[in-house]
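Novice: First the structure, then my questions, so here it is.
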Amino acid sequence: MPQIEIVEVGPRDGLQNESVLLSTEQKLEFIRRAIEAGVRRIEAASFVSPKLVPQMADADAIAAGITRREDVTYIGLVLNKRGALRAIEAGLDELGAVCAASDGFAQRNQGQSSDESLTMCCEVVRLARQEGRRSQITISTAFGCPFDGEVDPQRVVQMAKIAASAGPLEVAIADTIGAAAPREVADLVARVRAAIAPLPVRVHFHNTRNTGLANVWAAVNAGALTVDASLGGLGGCPFAPRATGNVPTEDVIYMLERSGYRTGLDVDKAIQTVEWLASAMGRELPGMLSRAGNFPPKARAADI
Ligand code: ZN
């Protein structure tokens with residue numbers, strides 16, 4: 001069974017659609033706790049307009065406050081060249097550039113056509129390379145658009161090919177609104193994989209229609225090597241109406257590890273982080289494992 005890498009996206013995708021604003025200190029604590037649970041690649045912030053996404057207004061302060069470690073990659077999400085320059089200036093290790101497979105979403109999310117968003121991503125990858133940073137490209141609305149409806153998988157495959165030719169670390173396909181079902185996930189991961197090999201495929205799912213974990217399972221069995229997830233299942237998207245949280249990191253770890261995949265994360269520490277996060281957010285989070293507990297349960301001292 002291969003190792004599956006989990007990218008923790010809670011501090012960015014998770015928090016950006018929450019009405020509760022965490023302080024910069026709380027966000028840094030979230031990041032620190034995620035790393036303590038074994039996360040080694042983490043979306044720390046997005047470098048977008050604070051007018052559009054006020055939750056990310058402290059991106060520069062987050063970048064300044066994170067503890068630099070050789071073994072941890074901090075990702076800054078960007079939607080244009082200006083954001084990329086900010087993320088580079090802030091010292092992020094990796095730039096995550098996002099394009100959209102549909103014009104409707106590309107226009108509303110980043111004021112570009114789908115083609116323009118892809119061109120921008122390729123420019124960001126080149127810019128990152130010049131500056132000695134890692135970079136990756138995510139194709140959002142790969143399984144459906146809240147404005148345009150169905151998205152042609154062939155369009156996603158073509159975009160992935162062009163994205164791959166720019167030379168990122170990987171190409172991700174994202175179910176931005178949580179519309180996908182496992183069979184189409186398996187099909188699209190296989191097609192994108194064949195189109196961009198040897199570059200790996202990353203996947204990004206939201207659990208809007210409760211298919212998130214099933215989609216992760218379909219994706220890893222179809223050869224996706226990296227999975228985005230958010231502790232507690234925090235998250236959404238300000239420009240995707242009714243999109244709910246990402247797949248919960250701790251639920252993904254549990255499912256994969258009990259199925260023989262290795263993730264490198266500690267599920268018990270992940271649960272502890274979710275408990276901390278739920279109290280910081282002031283509400284119960286949608287992830288299930290933190291409510292039910294790990295299995296088998298650890299024997300309590302009194303039982304021994
Ligand atoms: Zn997302």
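We label chains A, B, ... in the order they appear in the structure tokens, count residues from 1 in each chain, and number ligands from 1 in the order shown.
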Ligand 1: which residues are within 9 Å, counting only C-alpha atoms and all ligand atoms, as a PyMOL selection string?
Specialist: chain A and resi 9+13-14+140+174-178+204-206+228-229+235-237+243-246
Novice: Restrict the calculation to only C-alpha atoms, then for each residue of range 89-110 of chain A with any atom at most 12 Å from an atom of range 161-173 of chain A give the closest atom pair and their distance in Å to one decimal, rows by chain and rising residue number, as CSV.
Specialist:
```
residue,atom,partner,partner_atom,distance
A:Glu94,CA,A:Leu169,CA,9.6
A:Leu95,CA,A:Pro168,CA,9.6
A:Gly96,CA,A:Pro168,CA,9.5
A:Ala97,CA,A:Pro168,CA,9.7
A:Val98,CA,A:Ala172,CA,9.3
A:Cys99,CA,A:Ala163,CA,9.5
A:Ala100,CA,A:Ile173,CA,9.7
A:Ala101,CA,A:Ile173,CA,9.5
```
Novice: How would the residues just picked look written out with N, CA, C and O atoms as a short mmCIF file (atom, residue, chain, number, x, y, z; two decimals), in the first residue's frame?
Specialist:
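So the final result, stored in result-v5.cif, reads:
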```
data_model
loop_
_atom_site.label_atom_id
_atom_site.label_comp_id
_atom_site.auth_asym_id
_atom_site.auth_seq_id
_atom_site.Cartn_x
_atom_site.Cartn_y
_atom_site.Cartn_z
N GLU A 94 5.89 27.22 -0.68
CA GLU A 94 5.21 26.68 -1.86
C GLU A 94 4.04 27.57 -2.25
O GLU A 94 3.30 28.03 -1.39
N LEU A 95 3.88 27.79 -3.56
CA LEU A 95 2.74 28.55 -4.04
C LEU A 95 1.70 27.59 -4.59
O LEU A 95 2.02 26.71 -5.39
N GLY A 96 0.47 27.76 -4.14
CA GLY A 96 -0.63 26.97 -4.66
C GLY A 96 -1.46 27.85 -5.57
O GLY A 96 -2.14 28.76 -5.09
N ALA A 97 -1.38 27.61 -6.88
CA ALA A 97 -2.13 28.43 -7.83
C ALA A 97 -3.42 27.71 -8.19
O ALA A 97 -3.43 26.50 -8.37
N VAL A 98 -4.50 28.49 -8.28
CA VAL A 98 -5.81 27.88 -8.53
C VAL A 98 -6.43 28.42 -9.81
O VAL A 98 -6.51 29.63 -10.01
N CYS A 99 -6.86 27.49 -10.65
CA CYS A 99 -7.64 27.86 -11.83
C CYS A 99 -8.99 27.15 -11.73
O CYS A 99 -9.18 26.33 -10.83
N ALA A 100 -9.91 27.50 -12.59
CA ALA A 100 -11.23 26.87 -12.53
C ALA A 100 -11.57 26.26 -13.88
O ALA A 100 -11.25 26.81 -14.93
N ALA A 101 -12.23 25.12 -13.83
CA ALA A 101 -12.59 24.41 -15.07
C ALA A 101 -13.80 25.04 -15.75
O ALA A 101 -14.07 24.76 -16.92
#
```
Novice: Residues at most 10 Å from Ala181 in chain A, counting only C-alpha atoms, excluding those fewer than 3 positions away in the same chain, as a VMD selection string?
Specialist: chain A and resid 143 175 178 184 to 186 209 to 212 214 to 215 218
Novice: To test your reading of the structure, identify every residue in range 10-209 of chain A that backbone DSSP assigns to alpha helix (DSSP H), and report it as an NGL selection string.
Specialist: :A and (15-16 or 24-36 or 59-65 or 81-89 or 103-110 or 114-130 or 153-165 or 182-196)
Novice: Of the candidates A:Ile42, A:Ala37, A:Leu28, A:Ala224, which one gets nearest to Ala64 in chain A if we count only C-alpha atoms?
Specialist: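 With only C-alpha atoms as the atom set, the closest residue is A:Leu28.
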Novice: Residues within 8 Å of range 65-68 of chain A, please, as JSON, numbers by chain. Count only C-alpha atoms; anything in the same chain fewer than 4 positions from it doesn't count.
Specialist: {"A": [28, 31, 32, 61, 72]}
Novice: Those residues you just picked out, can you put them in a file as a CSV table (one decimal), in the first residue's frame with C-alpha atoms?
Specialist:
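Ended up saving to out16.csv:
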```
chain,number,residue,atom,x,y,z
A,28,LEU,CA,-0.8,30.0,14.5
A,31,ILE,CA,-1.0,25.4,12.5
A,32,ARG,CA,1.4,24.4,15.4
A,61,ALA,CA,1.3,38.1,9.9
A,72,VAL,CA,7.4,21.3,7.0
```
Novice: I'd like the contact shell of Gly282 in chain A - 9 Å cut-off, only C-alpha atoms, skipping same-chain residues fewer than 4 positions apart - returned as a ChimeraX atom specification.
Specialist: /A:20,277-278
Novice: Among range 90-131 of chain A, which ones does DSSP place in strand (DSSP E or B), written as a list of chain:residue names?
Specialist: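 Of range 90-131 of chain A, the ones in strand (DSSP E or B) are A:Glu94, A:Leu95, A:Gly96, A:Ala97, A:Val98, A:Cys99, A:Ala100.
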Novice: Just the residues within 7 Å of range 102-112 of chain A, please, counting only C-alpha atoms, with nothing from its chain fewer than 5 positions along; format it as a PyMOL selection string.
Specialist: chain A and resi 79+117+141+145+147-148+151+239
Novice: How would the residues just chosen look if you wrote them out with N, CA and C atoms as a PDB file, in the first residue's frame?
Specialist:
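For reference, result_28.pdb as written:
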```
ATOM      1  N   LEU A  79      -4.297  33.558  -6.354  1.00  0.00           N
ATOM      2  CA  LEU A  79      -5.239  33.571  -7.480  1.00  0.00           C
ATOM      3  C   LEU A  79      -4.764  34.485  -8.603  1.00  0.00           C
ATOM      4  N   SER A 117      -7.464  31.824 -16.209  1.00  0.00           N
ATOM      5  CA  SER A 117      -7.019  31.342 -14.898  1.00  0.00           C
ATOM      6  C   SER A 117      -5.925  30.288 -15.056  1.00  0.00           C
ATOM      7  N   THR A 141     -13.589  23.347  -9.402  1.00  0.00           N
ATOM      8  CA  THR A 141     -14.848  22.968 -10.080  1.00  0.00           C
ATOM      9  C   THR A 141     -14.638  21.864 -11.116  1.00  0.00           C
ATOM     10  N   CYS A 145     -19.872  22.865 -11.409  1.00  0.00           N
ATOM     11  CA  CYS A 145     -19.795  24.292 -11.097  1.00  0.00           C
ATOM     12  C   CYS A 145     -21.126  24.767 -10.531  1.00  0.00           C
ATOM     13  N   PHE A 147     -22.431  27.511 -10.874  1.00  0.00           N
ATOM     14  CA  PHE A 147     -23.069  28.467 -11.786  1.00  0.00           C
ATOM     15  C   PHE A 147     -23.332  27.855 -13.160  1.00  0.00           C
ATOM     16  N   ASP A 148     -22.368  27.078 -13.671  1.00  0.00           N
ATOM     17  CA  ASP A 148     -22.487  26.529 -15.030  1.00  0.00           C
ATOM     18  C   ASP A 148     -22.990  25.087 -15.047  1.00  0.00           C
ATOM     19  N   VAL A 151     -19.484  19.877 -15.651  1.00  0.00           N
ATOM     20  CA  VAL A 151     -18.207  20.221 -16.269  1.00  0.00           C
ATOM     21  C   VAL A 151     -17.737  19.000 -17.057  1.00  0.00           C
ATOM     22  N   PHE A 239     -17.210  31.788  -2.426  1.00  0.00           N
ATOM     23  CA  PHE A 239     -17.796  32.022  -3.747  1.00  0.00           C
ATOM     24  C   PHE A 239     -18.550  30.803  -4.279  1.00  0.00           C
TER      25      PHE A 239
END
```
Novice: Hey, what's within 9 Å of Leu213 in chain A if we count only C-alpha atoms and toss same-chain stuff fewer than 5 positions away? As a PyMOL selection string, please?
Specialist: chain A and resi 205+207+218+247-248+251-252+255
